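Novice: Just dropping this structure here.
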Amino acid sequence: QSTIFSLIQPTGNIHLGNYLGAIRSWKELSESDSPGSKFIFGIADLHAITLPKDPQTLKRFRHEAIASLLASGLSPEKCTIFHQSAVPEHTELSWYFTCITSMGNLNRMTQWKSKAQQVQNSSIYDDRVMEATKAGVLCYPILQAADILIYRATHVPVGDDQSQHLELTRGIANTFNHTYKTKFFPIVKTLLTPSKKILSLRNPSKKMSKSDPDQNSCIYVTDSPEIVAKKIRKATTDSIQGPIYYAPEERPGVSNLINVISGLTGKSIDEVVADLHWVKDHKQFKDHVTELIVEEFRENREMYQRLTADISYLDEVCARGRDNAREIASANIAQVRKLIGMD
Ligand code: AQP
């Protein structure tokens, strides 16, 4: 029996990258015919505060993230949908794991290394740089391992950027099993989402990110058709005339939009490029991208508006999700306590 698990941080509006790189594949997996499988998806609010937020903003992001999951088509009938902080067993397990994880392994994490590098190279101590000096950023992958293993999850669908953290999760599961002479924790499998990493529309050398202050860098799943059209029109491309072709180094902006089409249509890059033979200029190309995005998000946007107008339904879904999640997590933590002599 498989348990499929993944989380997303409430650090801003959910964007096209999060949708193609995570949420849409969660939905597809949960709709596949897999009798007996459990699907657990949620909001990683504990992870979101490695950079402290204004409490009212965090509260709003937490609600909006749940609304985005539902509006993107995740069904609370098929999936457990919840806030990580509502299940305290995550943090308890995280402490047990902290005690068996070596500093050397944490220091090797590239996400941590690149943030630590920013501190060394920076003369200005802004919020982002300060974040990298906090123990929470170093220990982040341990909490991630606890999130996954508290449900004894077997599969985690994520983007490529998370592969190294999942390797650490497997290492922690092995160390725990070895230390306490058990086979309690499964060795989780990574399910890499088929879509390529989606890049910022304004600066295609970096990824599309919720926390990017430039709103024009992201397409949010809640953007109106007019806003989508405006953002795509302004997206950085190039001045190369003639047919559209895929060349991420030479044409990062154009190639990023080809990745968007490929993610939305499920076609390979070669198929997408072949289909674009009729395109005469960048305007036609961008209009086509706009149409596909607007069509994909048409129903999502309407549902998102209904859901956020009255949050009582969101609260109900989260309460149900929390109860389901706690039922599994509390049984598993009881086993863990017994294994380590804490019962
Ligand atoms: N640009 C992206 N393209 C494809 N997949 C992406 N993901 C994130 N950005 C892209 C995937 O979304 C899932 C959830 O991500 P997360 O919220 O846990 O963290 P993140 O990767 O840090 O997301 P953001 O949007 O970049 O947020 P901030 O700005 O807060 O850092 C993951 O599966 C991720 O692969």
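Every chain in the structure tokens takes a letter, A first, then B, and so on in the order presented; its residues are numbered from 1, and the ligands are numbered from 1 following the presented order.
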Sort by chain and increasing residue number a table of all residues of region 138-241 of chain A within 9 Å of region 41-63 of chain A, each with its closest pair of atoms and their distance in Å to one decimal, counting only C-alpha atoms, and write it as a Markdown table.
Specialist:
```
| residue | atom | partner | partner_atom | distance |
| --- | --- | --- | --- | --- |
| A:Tyr140 | CA | A:His47 | CA | 6.9 |
| A:Leu143 | CA | A:His47 | CA | 8.1 |
| A:Gln144 | CA | A:His47 | CA | 8.4 |
| A:Asp147 | CA | A:Ala44 | CA | 8.9 |
```
Novice: At a cut-off of 8 Å, can you tabulate as JSON lines every residue of chain A near ligand 1 together with its closest atom pair and the distance in Å to one decimal, using only C-alpha atoms and all ligand atoms and ordering rows by chain then number?
Specialist:
```
{"residue": "A:Ser6", "atom": "CA", "partner": "ligand 1", "partner_atom_place_in_ligand_line": "33 (O)", "distance": 7.5}
{"residue": "A:Leu7", "atom": "CA", "partner": "ligand 1", "partner_atom_place_in_ligand_line": "18 (O)", "distance": 6.2}
{"residue": "A:Ile8", "atom": "CA", "partner": "ligand 1", "partner_atom_place_in_ligand_line": "18 (O)", "distance": 4.0}
{"residue": "A:Gln9", "atom": "CA", "partner": "ligand 1", "partner_atom_place_in_ligand_line": "17 (O)", "distance": 3.8}
{"residue": "A:Pro10", "atom": "CA", "partner": "ligand 1", "partner_atom_place_in_ligand_line": "17 (O)", "distance": 6.6}
{"residue": "A:Thr11", "atom": "CA", "partner": "ligand 1", "partner_atom_place_in_ligand_line": "30 (O)", "distance": 4.7}
{"residue": "A:Gly12", "atom": "CA", "partner": "ligand 1", "partner_atom_place_in_ligand_line": "30 (O)", "distance": 6.9}
{"residue": "A:Ile14", "atom": "CA", "partner": "ligand 1", "partner_atom_place_in_ligand_line": "25 (O)", "distance": 7.0}
{"residue": "A:His15", "atom": "CA", "partner": "ligand 1", "partner_atom_place_in_ligand_line": "25 (O)", "distance": 6.9}
{"residue": "A:Leu16", "atom": "CA", "partner": "ligand 1", "partner_atom_place_in_ligand_line": "3 (N)", "distance": 7.4}
{"residue": "A:Gly17", "atom": "CA", "partner": "ligand 1", "partner_atom_place_in_ligand_line": "3 (N)", "distance": 3.6}
{"residue": "A:Asn18", "atom": "CA", "partner": "ligand 1", "partner_atom_place_in_ligand_line": "12 (O)", "distance": 3.9}
{"residue": "A:Tyr19", "atom": "CA", "partner": "ligand 1", "partner_atom_place_in_ligand_line": "12 (O)", "distance": 7.0}
{"residue": "A:Leu20", "atom": "CA", "partner": "ligand 1", "partner_atom_place_in_ligand_line": "4 (C)", "distance": 6.1}
{"residue": "A:Gly21", "atom": "CA", "partner": "ligand 1", "partner_atom_place_in_ligand_line": "5 (N)", "distance": 3.5}
{"residue": "A:Ala22", "atom": "CA", "partner": "ligand 1", "partner_atom_place_in_ligand_line": "33 (O)", "distance": 4.8}
{"residue": "A:Ile23", "atom": "CA", "partner": "ligand 1", "partner_atom_place_in_ligand_line": "12 (O)", "distance": 7.5}
{"residue": "A:Ala44", "atom": "CA", "partner": "ligand 1", "partner_atom_place_in_ligand_line": "18 (O)", "distance": 7.1}
{"residue": "A:Ala48", "atom": "CA", "partner": "ligand 1", "partner_atom_place_in_ligand_line": "30 (O)", "distance": 7.1}
{"residue": "A:Pro157", "atom": "CA", "partner": "ligand 1", "partner_atom_place_in_ligand_line": "33 (O)", "distance": 6.9}
{"residue": "A:Val158", "atom": "CA", "partner": "ligand 1", "partner_atom_place_in_ligand_line": "33 (O)", "distance": 3.7}
{"residue": "A:Gly159", "atom": "CA", "partner": "ligand 1", "partner_atom_place_in_ligand_line": "35 (O)", "distance": 3.3}
{"residue": "A:Asp160", "atom": "CA", "partner": "ligand 1", "partner_atom_place_in_ligand_line": "35 (O)", "distance": 6.1}
{"residue": "A:Asp161", "atom": "CA", "partner": "ligand 1", "partner_atom_place_in_ligand_line": "35 (O)", "distance": 5.6}
{"residue": "A:Gln162", "atom": "CA", "partner": "ligand 1", "partner_atom_place_in_ligand_line": "35 (O)", "distance": 6.0}
{"residue": "A:Ser195", "atom": "CA", "partner": "ligand 1", "partner_atom_place_in_ligand_line": "4 (C)", "distance": 6.9}
{"residue": "A:Lys196", "atom": "CA", "partner": "ligand 1", "partner_atom_place_in_ligand_line": "4 (C)", "distance": 6.2}
{"residue": "A:Lys197", "atom": "CA", "partner": "ligand 1", "partner_atom_place_in_ligand_line": "3 (N)", "distance": 3.7}
{"residue": "A:Ile198", "atom": "CA", "partner": "ligand 1", "partner_atom_place_in_ligand_line": "3 (N)", "distance": 3.8}
{"residue": "A:Leu199", "atom": "CA", "partner": "ligand 1", "partner_atom_place_in_ligand_line": "1 (N)", "distance": 5.4}
{"residue": "A:Ser200", "atom": "CA", "partner": "ligand 1", "partner_atom_place_in_ligand_line": "1 (N)", "distance": 7.3}
{"residue": "A:Lys207", "atom": "CA", "partner": "ligand 1", "partner_atom_place_in_ligand_line": "1 (N)", "distance": 4.6}
{"residue": "A:Met208", "atom": "CA", "partner": "ligand 1", "partner_atom_place_in_ligand_line": "1 (N)", "distance": 4.0}
{"residue": "A:Ser209", "atom": "CA", "partner": "ligand 1", "partner_atom_place_in_ligand_line": "26 (O)", "distance": 3.6}
{"residue": "A:Lys210", "atom": "CA", "partner": "ligand 1", "partner_atom_place_in_ligand_line": "29 (O)", "distance": 3.9}
{"residue": "A:Ser211", "atom": "CA", "partner": "ligand 1", "partner_atom_place_in_ligand_line": "29 (O)", "distance": 3.6}
{"residue": "A:Asp212", "atom": "CA", "partner": "ligand 1", "partner_atom_place_in_ligand_line": "29 (O)", "distance": 6.0}
```
Novice: Take the residues that were just selected and, keeping N, CA and C atoms, output them as a JSON list (two decimals), in the first residue's frame.
Specialist:
```json
[["chain", "number", "residue", "atom", "x", "y", "z"],
["A", 6, "SER", "N", 3.13, 15.17, 0.07],
["A", 6, "SER", "CA", 3.94, 16.35, -0.29],
["A", 6, "SER", "C", 3.35, 17.59, 0.37],
["A", 7, "LEU", "N", 4.19, 18.61, 0.54],
["A", 7, "LEU", "CA", 3.74, 19.88, 1.13],
["A", 7, "LEU", "C", 4.17, 21.04, 0.25],
["A", 8, "ILE", "N", 3.51, 22.17, 0.46],
["A", 8, "ILE", "CA", 3.92, 23.42, -0.21],
["A", 8, "ILE", "C", 3.92, 24.53, 0.83],
["A", 9, "GLN", "N", 4.87, 25.46, 0.72],
["A", 9, "GLN", "CA", 4.96, 26.53, 1.73],
["A", 9, "GLN", "C", 3.98, 27.67, 1.45],
["A", 10, "PRO", "N", 3.38, 28.22, 2.52],
["A", 10, "PRO", "CA", 2.50, 29.39, 2.32],
["A", 10, "PRO", "C", 3.33, 30.69, 2.38],
["A", 11, "THR", "N", 4.17, 30.87, 1.37],
["A", 11, "THR", "CA", 5.05, 32.05, 1.38],
["A", 11, "THR", "C", 4.60, 33.09, 0.36],
["A", 12, "GLY", "N", 3.39, 32.95, -0.16],
["A", 12, "GLY", "CA", 2.89, 33.92, -1.14],
["A", 12, "GLY", "C", 1.86, 33.25, -2.00],
["A", 14, "ILE", "N", 0.22, 31.16, -4.90],
["A", 14, "ILE", "CA", 0.68, 29.97, -5.64],
["A", 14, "ILE", "C", 0.79, 30.35, -7.13],
["A", 15, "HIS", "N", 1.91, 29.98, -7.74],
["A", 15, "HIS", "CA", 2.15, 30.39, -9.12],
["A", 15, "HIS", "C", 2.20, 29.19, -10.08],
["A", 16, "LEU", "N", 2.36, 29.55, -11.35],
["A", 16, "LEU", "CA", 2.37, 28.54, -12.41],
["A", 16, "LEU", "C", 3.45, 27.47, -12.19],
["A", 17, "GLY", "N", 4.61, 27.86, -11.65],
["A", 17, "GLY", "CA", 5.69, 26.89, -11.36],
["A", 17, "GLY", "C", 5.25, 25.90, -10.31],
["A", 18, "ASN", "N", 4.64, 26.38, -9.21],
["A", 18, "ASN", "CA", 4.15, 25.48, -8.15],
["A", 18, "ASN", "C", 3.07, 24.56, -8.72],
["A", 19, "TYR", "N", 2.24, 25.13, -9.59],
["A", 19, "TYR", "CA", 1.14, 24.34, -10.16],
["A", 19, "TYR", "C", 1.68, 23.22, -11.06],
["A", 20, "LEU", "N", 2.57, 23.59, -12.01],
["A", 20, "LEU", "CA", 3.07, 22.56, -12.93],
["A", 20, "LEU", "C", 4.08, 21.63, -12.25],
["A", 21, "GLY", "N", 4.87, 22.21, -11.31],
["A", 21, "GLY", "CA", 5.93, 21.42, -10.68],
["A", 21, "GLY", "C", 5.43, 20.57, -9.52],
["A", 22, "ALA", "N", 4.23, 20.87, -9.01],
["A", 22, "ALA", "CA", 3.77, 20.13, -7.84],
["A", 22, "ALA", "C", 2.26, 19.82, -7.90],
["A", 23, "ILE", "N", 1.44, 20.84, -7.75],
["A", 23, "ILE", "CA", 0.02, 20.61, -7.45],
["A", 23, "ILE", "C", -0.72, 19.81, -8.53],
["A", 44, "ALA", "N", 3.07, 23.71, 4.34],
["A", 44, "ALA", "CA", 4.24, 23.65, 5.22],
["A", 44, "ALA", "C", 4.42, 25.00, 5.92],
["A", 48, "ALA", "N", 7.64, 27.85, 6.53],
["A", 48, "ALA", "CA", 7.53, 29.20, 5.96],
["A", 48, "ALA", "C", 8.09, 30.28, 6.87],
["A", 157, "PRO", "N", 6.03, 13.26, -4.45],
["A", 157, "PRO", "CA", 6.15, 13.98, -5.72],
["A", 157, "PRO", "C", 6.68, 15.40, -5.50],
["A", 158, "VAL", "N", 7.81, 15.71, -6.09],
["A", 158, "VAL", "CA", 8.43, 17.05, -5.95],
["A", 158, "VAL", "C", 9.17, 17.43, -7.22],
["A", 159, "GLY", "N", 9.56, 18.70, -7.27],
["A", 159, "GLY", "CA", 10.42, 19.17, -8.36],
["A", 159, "GLY", "C", 11.86, 18.72, -8.08],
["A", 160, "ASP", "N", 12.65, 18.80, -9.15],
["A", 160, "ASP", "CA", 14.03, 18.37, -9.15],
["A", 160, "ASP", "C", 14.86, 19.00, -8.01],
["A", 161, "ASP", "N", 14.53, 20.26, -7.64],
["A", 161, "ASP", "CA", 15.31, 20.99, -6.62],
["A", 161, "ASP", "C", 15.25, 20.31, -5.25],
["A", 162, "GLN", "N", 14.28, 19.41, -5.06],
["A", 162, "GLN", "CA", 14.12, 18.78, -3.75],
["A", 162, "GLN", "C", 14.78, 17.39, -3.66],
["A", 195, "SER", "N", 7.19, 18.14, -15.41],
["A", 195, "SER", "CA", 7.41, 19.50, -15.94],
["A", 195, "SER", "C", 8.80, 20.02, -15.56],
["A", 196, "LYS", "N", 9.40, 20.79, -16.49],
["A", 196, "LYS", "CA", 10.70, 21.41, -16.20],
["A", 196, "LYS", "C", 10.50, 22.56, -15.21],
["A", 197, "LYS", "N", 11.60, 22.99, -14.58],
["A", 197, "LYS", "CA", 11.52, 24.13, -13.66],
["A", 197, "LYS", "C", 11.07, 25.38, -14.44],
["A", 198, "ILE", "N", 10.07, 26.08, -13.94],
["A", 198, "ILE", "CA", 9.58, 27.28, -14.61],
["A", 198, "ILE", "C", 10.34, 28.49, -14.08],
["A", 199, "LEU", "N", 10.80, 29.34, -15.01],
["A", 199, "LEU", "CA", 11.67, 30.46, -14.61],
["A", 199, "LEU", "C", 10.88, 31.76, -14.51],
["A", 200, "SER", "N", 11.50, 32.73, -13.83],
["A", 200, "SER", "CA", 10.88, 34.05, -13.68],
["A", 200, "SER", "C", 10.61, 34.64, -15.07],
["A", 207, "LYS", "N", 14.51, 31.07, -10.84],
["A", 207, "LYS", "CA", 13.21, 30.38, -10.97],
["A", 207, "LYS", "C", 12.05, 31.28, -10.56],
["A", 208, "MET", "N", 10.88, 30.93, -11.05],
["A", 208, "MET", "CA", 9.66, 31.63, -10.64],
["A", 208, "MET", "C", 9.46, 31.30, -9.17],
["A", 209, "SER", "N", 9.31, 32.34, -8.32],
["A", 209, "SER", "CA", 9.23, 32.12, -6.87],
["A", 209, "SER", "C", 8.12, 32.95, -6.25],
["A", 210, "LYS", "N", 7.41, 32.33, -5.29],
["A", 210, "LYS", "CA", 6.32, 33.04, -4.60],
["A", 210, "LYS", "C", 6.80, 34.31, -3.95],
["A", 211, "SER", "N", 8.02, 34.23, -3.38],
["A", 211, "SER", "CA", 8.49, 35.37, -2.60],
["A", 211, "SER", "C", 9.19, 36.44, -3.44],
["A", 212, "ASP", "N", 9.20, 36.27, -4.76],
["A", 212, "ASP", "CA", 9.80, 37.32, -5.60],
["A", 212, "ASP", "C", 8.94, 38.58, -5.49]]
```
Novice: Show which residues sit within 9 Å of Ala173 (chain A), as a PyMOL selection string. Count only C-alpha atoms, and ignore same-chain residues fewer than 5 positions away.
Specialist: chain A and resi 97+145+149+168+178+183-188
Novice: Produce a file of the selected residues containing C-alpha atoms, as a JSON list (two decimals), in the first residue's frame.
Specialist:
```
[["chain", "number", "residue", "atom", "x", "y", "z"],
["A", 97, "PHE", "CA", 15.82, 12.96, 13.94],
["A", 145, "ALA", "CA", 12.22, 14.23, 6.72],
["A", 149, "LEU", "CA", 8.22, 9.84, 7.75],
["A", 168, "LEU", "CA", 18.77, 12.99, 3.23],
["A", 178, "HIS", "CA", 19.90, 0.92, 12.12],
["A", 183, "LYS", "CA", 12.50, -1.61, 9.88],
["A", 184, "PHE", "CA", 9.90, 0.90, 10.99],
["A", 185, "PHE", "CA", 10.60, 3.66, 8.48],
["A", 186, "PRO", "CA", 10.25, 2.90, 4.74],
["A", 187, "ILE", "CA", 12.85, 4.13, 2.27],
["A", 188, "VAL", "CA", 10.83, 6.74, 0.42]]
```
Novice: Just list as an NGL selection string whatever in region 34-215 of chain A DSSP marks as alpha helix (DSSP H).
Specialist: :A and (45-48 or 55-71 or 89-98 or 103-107 or 110-121 or 127-131 or 135-149 or 163-179)
Novice: Any idea what's packed within 7 Å of Ala325 (chain A), counting only C-alpha atoms, ignoring anything in its chain fewer than 4 positions away? Could you give it as a PyMOL selection string?
Specialist: chain A and resi 80+321+329
Novice: Mind dumping the selected residues with C-alpha atoms as a PDB file, in the first residue's frame?
Specialist:
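result.pdb, freshly written:
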```pdb
ATOM      1  CA  THR A  80      -6.010  14.579   3.378  1.00  0.00           C
ATOM      2  CA  GLY A 321      -7.585  16.907   7.213  1.00  0.00           C
ATOM      3  CA  ALA A 329       0.747  10.533  13.045  1.00  0.00           C
TER       4      ALA A 329
END
```
